[in-house]
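run_10.csv follows (CSV, C-alpha atoms):
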chain,number,residue,atom,x,y,z
O,27,MET,CA,18.1,69.1,-10.4
O,28,THR,CA,19.4,72.6,-9.8
O,29,LEU,CA,22.9,73.4,-8.7
O,30,ALA,CA,21.8,74.4,-5.2
O,31,ALA,CA,20.1,71.0,-4.8
O,32,VAL,CA,23.2,69.3,-6.0
O,33,LEU,CA,25.3,71.1,-3.5
O,34,VAL,CA,23.0,70.3,-0.6
O,35,ALA,CA,22.6,66.6,-1.6
O,36,SER,CA,26.2,65.9,-2.3
O,37,ALA,CA,27.8,67.8,0.6
O,38,LEU,CA,30.5,69.2,-1.7
O,39,THR,CA,33.7,70.5,-0.4
O,40,ARG,CA,34.5,74.2,-0.7
O,41,ALA,CA,36.9,73.6,-3.6
O,42,GLU,CA,34.3,71.5,-5.5
O,43,ILE,CA,31.7,74.2,-5.0
O,44,ILE,CA,34.1,76.9,-6.4
O,45,GLU,CA,35.1,74.6,-9.3
O,46,ARG,CA,31.5,74.1,-10.3
O,47,PHE,CA,30.7,77.7,-10.2
O,48,LYS,CA,33.7,78.6,-12.3
O,49,ALA,CA,32.9,76.0,-14.9
O,50,PRO,CA,31.8,77.9,-18.0
O,51,PRO,CA,28.6,76.9,-19.8
O,52,ALA,CA,28.8,75.6,-23.4
O,53,THR,CA,27.0,78.0,-25.8
O,54,LYS,CA,25.9,77.0,-29.3
O,55,VAL,CA,23.9,78.3,-32.3
O,56,ASP,CA,24.6,82.0,-31.8
O,57,GLY,CA,23.6,82.0,-28.2
O,58,LEU,CA,20.4,80.1,-28.6
O,59,VAL,CA,21.6,77.0,-26.7
O,60,GLN,CA,23.4,76.9,-23.4
O,61,VAL,CA,24.5,73.8,-21.6
O,62,VAL,CA,25.3,74.1,-17.9
O,63,ALA,CA,27.1,71.1,-16.2
O,64,ASP,CA,25.9,70.8,-12.6
O,65,CYS,CA,28.2,67.8,-12.1
O,66,PRO,CA,31.8,66.8,-11.3
O,67,ALA,CA,34.6,67.7,-13.7
O,68,ASP,CA,34.9,64.2,-15.2
O,69,MET,CA,31.2,64.1,-16.1
O,70,ARG,CA,31.4,67.6,-17.5
O,71,ARG,CA,34.3,66.7,-19.7
O,72,GLU,CA,32.4,63.6,-20.9
O,73,TYR,CA,28.9,64.9,-21.5
O,74,GLN,CA,28.8,68.7,-21.7
O,75,GLY,CA,30.2,68.9,-25.3
O,76,PRO,CA,28.2,66.0,-26.7
O,77,VAL,CA,24.9,67.2,-25.2
O,78,ALA,CA,25.6,70.7,-26.5
O,79,GLY,CA,26.4,69.3,-29.9
O,80,PHE,CA,23.2,67.2,-29.9
O,81,ALA,CA,21.0,70.1,-29.1
O,82,ALA,CA,22.8,72.4,-31.5
O,83,ASP,CA,22.4,69.9,-34.4
O,84,ILE,CA,18.7,69.7,-33.8
O,85,CYS,CA,18.4,73.5,-33.8
O,86,ARG,CA,20.4,73.8,-37.0
O,87,VAL,CA,18.3,71.1,-38.7
O,88,LEU,CA,15.1,73.0,-37.7
O,89,TYR,CA,16.5,76.3,-38.9
O,90,GLY,CA,17.3,74.7,-42.3
O,91,ALA,CA,13.9,73.1,-42.5
O,92,LEU,CA,12.3,76.6,-41.9
O,93,ARG,CA,14.8,78.1,-44.4
O,94,GLU,CA,15.8,80.7,-41.8
O,95,LYS,CA,19.3,81.9,-40.8
O,96,PRO,CA,20.2,81.6,-37.2
O,97,ARG,CA,19.8,84.9,-35.3
O,98,ARG,CA,21.9,86.1,-32.4
O,99,PHE,CA,20.5,85.5,-28.9
O,100,ASN,CA,21.8,87.8,-26.2
O,101,GLU,CA,20.2,85.5,-23.7
O,102,PRO,CA,19.8,81.7,-24.4
O,103,GLY,CA,16.4,80.4,-25.4
O,104,ILE,CA,17.3,76.8,-24.4
O,105,VAL,CA,19.2,76.1,-21.2
O,106,ILE,CA,20.1,72.5,-20.6
O,107,HIS,CA,21.3,71.5,-17.1
O,108,ILE,CA,23.4,68.3,-16.9
O,109,GLY,CA,23.0,66.6,-13.5
O,110,GLU,CA,25.4,64.4,-11.6
O,111,ALA,CA,23.3,61.2,-11.2
O,112,ARG,CA,25.1,58.1,-12.3
O,113,THR,CA,22.2,55.8,-12.0
O,114,ASN,CA,19.8,54.8,-14.8
O,115,ILE,CA,17.5,57.8,-14.7
O,116,ALA,CA,16.2,58.4,-18.2
O,117,ASP,CA,13.8,61.2,-17.3
O,118,ILE,CA,14.0,64.6,-18.9
O,119,VAL,CA,12.4,67.5,-16.9
O,120,VAL,CA,11.2,70.6,-18.8
O,121,ARG,CA,10.3,73.9,-17.2
O,122,GLU,CA,9.4,77.2,-18.9
O,123,ALA,CA,11.0,80.3,-17.4
O,124,GLU,CA,11.8,83.9,-18.0
O,125,HIS,CA,15.1,85.9,-18.0
O,126,PHE,CA,15.3,89.1,-15.9
O,127,SER,CA,14.7,90.9,-19.2
O,128,GLY,CA,11.3,89.2,-19.5
O,129,GLU,CA,12.4,87.0,-22.4
O,130,ARG,CA,11.0,83.5,-22.2
O,131,PHE,CA,13.2,80.5,-22.3
O,132,THR,CA,13.1,76.8,-21.6
O,133,ARG,CA,15.0,74.9,-18.9
O,134,ILE,CA,15.7,71.3,-19.7
O,135,TYR,CA,17.1,69.1,-16.9
O,136,VAL,CA,19.0,66.0,-17.7
O,137,PRO,CA,19.7,64.4,-14.3
O,138,ALA,CA,21.7,61.4,-15.5
O,139,PRO,CA,23.3,62.2,-18.9
O,140,ALA,CA,24.6,58.7,-19.4
O,141,PHE,CA,21.1,57.3,-19.4
O,142,ALA,CA,19.0,60.1,-20.8
O,143,ASP,CA,16.2,59.3,-23.1
O,144,THR,CA,17.5,60.9,-26.3
O,145,ASP,CA,14.1,60.9,-28.0
O,146,ALA,CA,12.6,62.8,-25.1
O,147,LEU,CA,15.5,65.2,-25.1
O,148,ARG,CA,15.2,65.7,-28.9
O,149,ILE,CA,11.5,66.5,-28.5
O,150,ALA,CA,12.1,68.9,-25.6
O,151,VAL,CA,14.8,70.8,-27.6
O,152,ALA,CA,12.5,71.0,-30.6
O,153,ARG,CA,9.6,72.4,-28.6
O,154,ALA,CA,12.0,74.8,-26.9
O,155,PHE,CA,13.3,75.9,-30.3
O,156,TYR,CA,9.9,76.7,-31.6
O,157,ARG,CA,9.0,78.5,-28.4
O,158,SER,CA,12.1,80.8,-28.6
O,159,VAL,CA,12.7,81.2,-32.3
O,160,ARG,CA,9.1,81.1,-33.6
O,161,ASN,CA,7.2,82.1,-30.5
O,162,GLU,CA,5.0,79.1,-31.1
O,163,GLU,CA,3.8,76.3,-28.9
O,164,ILE,CA,3.9,72.8,-30.4
O,165,THR,CA,3.0,69.5,-28.9
O,166,GLY,CA,5.4,66.6,-28.4
O,167,GLU,CA,3.9,64.7,-31.3
O,168,GLU,CA,4.2,67.7,-33.6
O,169,ALA,CA,7.8,68.2,-32.5
O,170,ALA,CA,8.7,64.6,-33.1
O,171,ARG,CA,7.2,64.8,-36.6
O,172,ILE,CA,8.8,68.1,-37.5
O,173,VAL,CA,12.3,66.9,-36.4
O,174,ARG,CA,11.8,63.6,-38.2
O,175,GLU,CA,10.8,65.2,-41.5
O,176,ALA,CA,13.7,67.7,-41.2
O,177,ASP,CA,16.4,65.0,-40.5
O,178,PRO,CA,16.8,62.3,-43.2
O,179,ARG,CA,18.4,59.9,-40.8
O,180,LEU,CA,15.6,60.2,-38.3
O,181,LYS,CA,13.1,59.8,-41.0
O,182,ALA,CA,14.8,56.7,-42.2
O,183,ASP,CA,14.9,55.3,-38.7
O,184,PHE,CA,11.2,55.9,-38.3
O,185,SER,CA,10.4,54.3,-41.6
O,186,TYR,CA,12.3,51.1,-40.7
O,187,ARG,CA,10.6,51.0,-37.2
O,188,GLU,CA,7.2,51.4,-38.8
O,189,ILE,CA,7.9,48.6,-41.2
O,190,ASP,CA,9.0,46.3,-38.4
O,191,ARG,CA,5.9,47.2,-36.4
O,192,TRP,CA,3.6,46.6,-39.4
O,193,LEU,CA,5.2,43.2,-40.1
O,194,LYS,CA,4.5,42.3,-36.4
O,195,GLY,CA,0.9,43.3,-36.7
O,196,GLU,CA,1.3,46.4,-34.5
O,197,LYS,CA,-0.4,49.7,-35.0
O,198,VAL,CA,1.3,52.1,-37.4
O,199,GLU,CA,0.6,55.5,-38.8
O,200,GLY,CA,-0.2,54.4,-42.4
O,201,ASP,CA,-2.7,51.9,-43.8
O,202,ASP,CA,-1.7,48.6,-45.4
O,203,ARG,CA,-1.4,50.1,-48.9
O,204,GLU,CA,0.9,52.8,-47.6
O,205,MET,CA,3.0,50.4,-45.6
O,206,MET,CA,3.3,48.0,-48.6
O,207,ARG,CA,4.5,50.9,-50.7
O,208,LEU,CA,7.0,51.8,-47.9
O,209,TYR,CA,8.1,48.2,-47.6
O,210,ARG,CA,9.0,48.0,-51.2
O,211,SER,CA,10.6,51.4,-51.5
O,212,VAL,CA,14.3,52.3,-51.2
O,213,ILE,CA,14.3,54.2,-47.9
O,214,VAL,CA,18.0,55.4,-48.1
O,215,PRO,CA,19.4,55.3,-51.7
O,216,GLY,CA,22.8,53.7,-51.8
O,217,THR,CA,22.5,52.2,-48.4
O,218,ALA,CA,21.3,48.8,-47.1
O,219,ARG,CA,20.5,48.1,-43.5
O,220,GLN,CA,20.5,44.6,-42.0
O,221,SER,CA,16.7,44.6,-42.3
O,222,ASP,CA,16.9,45.4,-46.0
O,223,VAL,CA,19.2,42.4,-46.5
O,224,LEU,CA,17.0,40.1,-44.4
O,225,ARG,CA,13.9,41.2,-46.4
O,226,PHE,CA,15.8,40.6,-49.6
O,227,ALA,CA,16.8,37.1,-48.4
O,228,ALA,CA,13.1,36.4,-47.5
O,229,ARG,CA,12.2,36.8,-51.2
O,230,LEU,CA,14.6,34.1,-52.4
O,231,TYR,CA,12.0,31.5,-53.0
O,232,LEU,CA,10.2,30.2,-56.0
O,233,TYR,CA,6.4,29.6,-56.1
O,234,PRO,CA,4.3,27.6,-58.5
O,235,PRO,CA,2.0,29.5,-60.9
O,236,THR,CA,-1.1,28.4,-59.0
O,237,PHE,CA,-1.5,27.1,-55.5
O,238,ASP,CA,-3.6,24.1,-56.5
O,239,ALA,CA,-0.7,22.7,-58.6
O,240,PRO,CA,2.4,22.6,-56.3
O,241,PHE,CA,5.9,21.8,-57.6
O,242,CYS,CA,6.4,18.1,-58.1
O,243,GLY,CA,2.8,17.6,-56.9
O,244,ARG,CA,3.6,18.4,-53.3
O,245,TYR,CA,5.8,21.5,-52.8
O,246,PHE,CA,4.1,24.9,-52.5
O,247,CYS,CA,7.4,26.8,-52.5
O,248,ALA,CA,11.0,26.1,-53.1
O,249,SER,CA,14.2,27.6,-51.8
O,250,PHE,CA,16.9,28.0,-54.4
O,251,ASP,CA,18.7,24.9,-52.9
O,252,ASP,CA,15.5,22.9,-53.3
O,253,ALA,CA,14.8,24.3,-56.7
O,254,LEU,CA,18.2,23.1,-57.8
O,255,LYS,CA,17.3,19.5,-56.6
O,256,TRP,CA,13.8,19.5,-58.1
O,257,ALA,CA,14.3,21.3,-61.4
O,258,LYS,CA,14.9,18.1,-63.3
O,259,ASP,CA,11.6,16.6,-62.2
O,260,ASP,CA,9.4,19.7,-62.7
O,261,PRO,CA,10.1,22.1,-65.7
O,262,ARG,CA,7.8,24.7,-64.1
O,263,ILE,CA,10.6,25.3,-61.6
O,264,ARG,CA,12.8,26.3,-64.4
O,265,LEU,CA,10.1,28.7,-65.7
O,266,ALA,CA,9.7,30.2,-62.3
O,267,ALA,CA,13.5,30.7,-62.1
O,268,PHE,CA,13.5,32.6,-65.3
O,269,ALA,CA,10.7,34.9,-64.0
O,270,LYS,CA,12.5,35.4,-60.7
O,271,ALA,CA,15.8,36.3,-62.3
O,272,SER,CA,14.7,39.8,-63.2
O,273,GLU,CA,12.8,40.3,-59.9
O,274,VAL,CA,15.7,39.7,-57.6
O,275,VAL,CA,17.7,42.5,-59.4
O,276,LEU,CA,14.8,44.9,-58.7
O,277,PHE,CA,14.6,43.7,-55.0
O,278,GLY,CA,18.3,44.4,-54.5
O,279,GLY,CA,18.6,47.6,-56.5
O,280,GLY,CA,19.0,51.1,-55.3
O,281,ARG,CA,20.5,50.1,-51.9
O,282,SER,CA,24.1,49.1,-51.2
O,283,GLU,CA,26.6,48.0,-53.8
O,284,GLU,CA,27.1,44.8,-51.9
O,285,LEU,CA,23.5,43.9,-52.0
O,286,TYR,CA,23.2,44.7,-55.7
O,287,LYS,CA,26.1,42.4,-56.4
O,288,ALA,CA,24.4,39.6,-54.5
O,289,ALA,CA,21.2,40.3,-56.4
O,290,GLU,CA,23.1,40.1,-59.7
O,291,ALA,CA,24.7,36.8,-58.6
O,292,TYR,CA,21.3,35.3,-57.7
O,293,SER,CA,19.9,36.5,-61.0
O,294,GLU,CA,22.8,34.8,-62.9
O,295,PHE,CA,22.1,31.5,-61.0
O,296,LEU,CA,18.4,31.7,-61.7
O,297,MET,CA,19.0,32.3,-65.4
O,298,GLU,CA,21.3,29.3,-65.7
O,299,LEU,CA,18.8,27.2,-63.6
O,300,GLY,CA,16.1,28.2,-66.1
O,301,ARG,CA,18.3,27.2,-69.1
O,302,PHE,CA,19.3,24.0,-67.3
O,303,SER,CA,22.3,23.6,-69.5
O,304,LYS,CA,25.0,23.5,-66.8
O,305,SER,CA,25.8,20.6,-64.5
O,306,PRO,CA,24.3,20.5,-61.0
O,307,GLU,CA,27.9,21.1,-59.7
O,308,GLU,CA,28.2,24.3,-61.8
O,309,LEU,CA,24.8,25.5,-60.7
O,310,LEU,CA,25.6,24.9,-57.1
O,311,LYS,CA,28.8,26.8,-57.4
O,312,LEU,CA,26.9,29.8,-58.8
O,313,LEU,CA,24.4,29.6,-55.9
O,314,ASP,CA,27.3,29.4,-53.3
O,315,GLU,CA,28.9,32.5,-54.9
O,316,ALA,CA,25.6,34.4,-54.6
O,317,ASP,CA,25.2,33.2,-51.0
O,318,THR,CA,28.7,34.4,-50.2
O,319,LYS,CA,27.9,37.9,-51.6
O,320,LEU,CA,24.7,38.0,-49.6
O,321,ASN,CA,26.7,37.3,-46.4
O,322,ILE,CA,29.1,40.1,-47.4
O,323,ALA,CA,26.2,42.5,-47.9
O,324,MET,CA,24.8,41.5,-44.4
O,325,GLU,CA,28.2,42.0,-42.7
O,326,THR,CA,28.7,45.4,-44.5
O,327,ALA,CA,25.3,46.5,-43.3
O,328,ARG,CA,26.0,45.4,-39.8
O,329,LEU,CA,29.3,47.3,-39.6
O,330,ALA,CA,27.7,50.4,-41.1
O,331,GLU,CA,24.9,50.3,-38.5
O,332,GLN,CA,27.5,49.9,-35.7
O,333,GLY,CA,29.3,52.9,-37.0
O,334,GLU,CA,26.1,55.0,-37.0
O,335,GLN,CA,25.3,54.0,-33.5
O,336,ARG,CA,28.7,55.2,-32.3
O,337,LYS,CA,28.2,58.6,-33.7
As structure tokens, the full file:
Amino acid sequence: MTLAAVLVASALTRAEIIERFKAPPATKVDGLVQVVADCPADMRREYQGPVAGFAADICRVLYGALREKPRRFNEPGIVIHIGEARTNIADIVVREAEHFSGERFTRIYVPAPAFADTDALRIAVARAFYRSVRNEEITGEEAARIVREADPRLKADFSYREIDRWLKGEKVEGDDREMMRLYRSVIVPGTARQSDVLRFAARLYLYPPTFDAPFCGRYFCASFDDALKWAKDDPRIRLAAFAKASEVVLFGGGRSEELYKAAEAYSEFLMELGRFSKSPEELLKLLDEADTKLNIAMETARLAEQGEQRK
């Protein structure tokens, strides 16, 4: 939506018209990005800065990926117009244009900034960046991949989404071997998301050496609680606990400190279950301590993700 269209549609007062024309655009990245707020003052204060920062961050990441220093633009190559719509319009409209000098640039219209599709806006900015900085035309898919590979956080988000889709049986970019490798990998060293903690928890089971010989003659898997109850009747459970003790440390390693502490606690429980020299009460206490640490890891991951979403 252009400023002229806004003025006609909204029947603005003379004072409002003057106020909007006087409102300065936000310029970023040595003149490459310009954000014009075709909206009331309250929306301009709330959205112009964040939208400008969002676009500028994308451009800086792309400059870094290309190993290029930002160059000065006398005329902006990316012009983003923020509209005044307050309804849930997620659309992003892109138009190629030229300055009076003949230099090409891209107009990006964000009719309703509160509801804008950030993925679509990111792709639009990336394509506009390549058009102005590299004089290259790239597709939306290429833009999404380039930005993702250049931004570690976006790459991690994509990896987690791909794992979730793969586990649901949906179509993903990699084959099963690649997805299994990704599933087992540490996506962000030193960090655990809630999905990492949940996948760790899903591995907290013991299995008999062969499927034709279940534990106690009838159980094909055992939770750690059940293993504690059945270990006296089937010594193979204690052997499985020994083997699992080293595995859980690997499952929880490389991610958050809280998850690693939980993994160590489960490993200690499994080692003691394998030895079977402690009383059931002592073993249950070790398991409860491990469960508590796992809950702490989950809560820490939840709070961390909330903090990331607010950024």
Give me the segment 260-335 of chain O side of the contact with segment 230-235 of chain O, cut-off 8 Å, one line per residue showing its nearest atom pair and distance in Å at one decimal, counting only C-alpha atoms, sorted by chain and residue number, as JSON lines.
{"residue": "O:Arg262", "atom": "CA", "partner": "O:Pro234", "partner_atom": "CA", "distance": 7.2}
{"residue": "O:Ile263", "atom": "CA", "partner": "O:Pro234", "partner_atom": "CA", "distance": 7.4}
{"residue": "O:Ala266", "atom": "CA", "partner": "O:Leu232", "partner_atom": "CA", "distance": 6.3}
{"residue": "O:Ala267", "atom": "CA", "partner": "O:Leu232", "partner_atom": "CA", "distance": 7.0}
{"residue": "O:Lys270", "atom": "CA", "partner": "O:Leu232", "partner_atom": "CA", "distance": 7.4}
{"residue": "O:Val274", "atom": "CA", "partner": "O:Leu230", "partner_atom": "CA", "distance": 7.7}
Note to self: For a test of reading the model, state the distance in Å between atom CA of Ser158 of chain O and atom CA of Ala140 of chain O, rounded to one decimal.
What the structure shows: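 Atom-to-atom, atom CA of Ser158 of chain O and atom CA of Ala140 of chain O are spaced 27.0 Å apart.
Nearest residue to Ile118 of chain O, choosing from O:Phe250, O:Phe241, O:Phe295, O:Phe141 and counting only C-alpha atoms: O:Phe141.
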Item checked: Atomic distance atom CA of Ile108 of chain O - atom CA of Phe80 of chain O, expressed in Å with one decimal ->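 About the pair atom CA of Ile108 of chain O and atom CA of Phe80 of chain O: they are 13.0 Å apart.
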Next item on the list: Mind checking which residues fall within 10 Å of Glu325 of chain O, counting all atoms listed in the file, ignoring those fewer than 6 positions away in the same chain, and posting them as an MDAnalysis selection string?
Entry: chainID O and resid 219:220 223 284 319 331
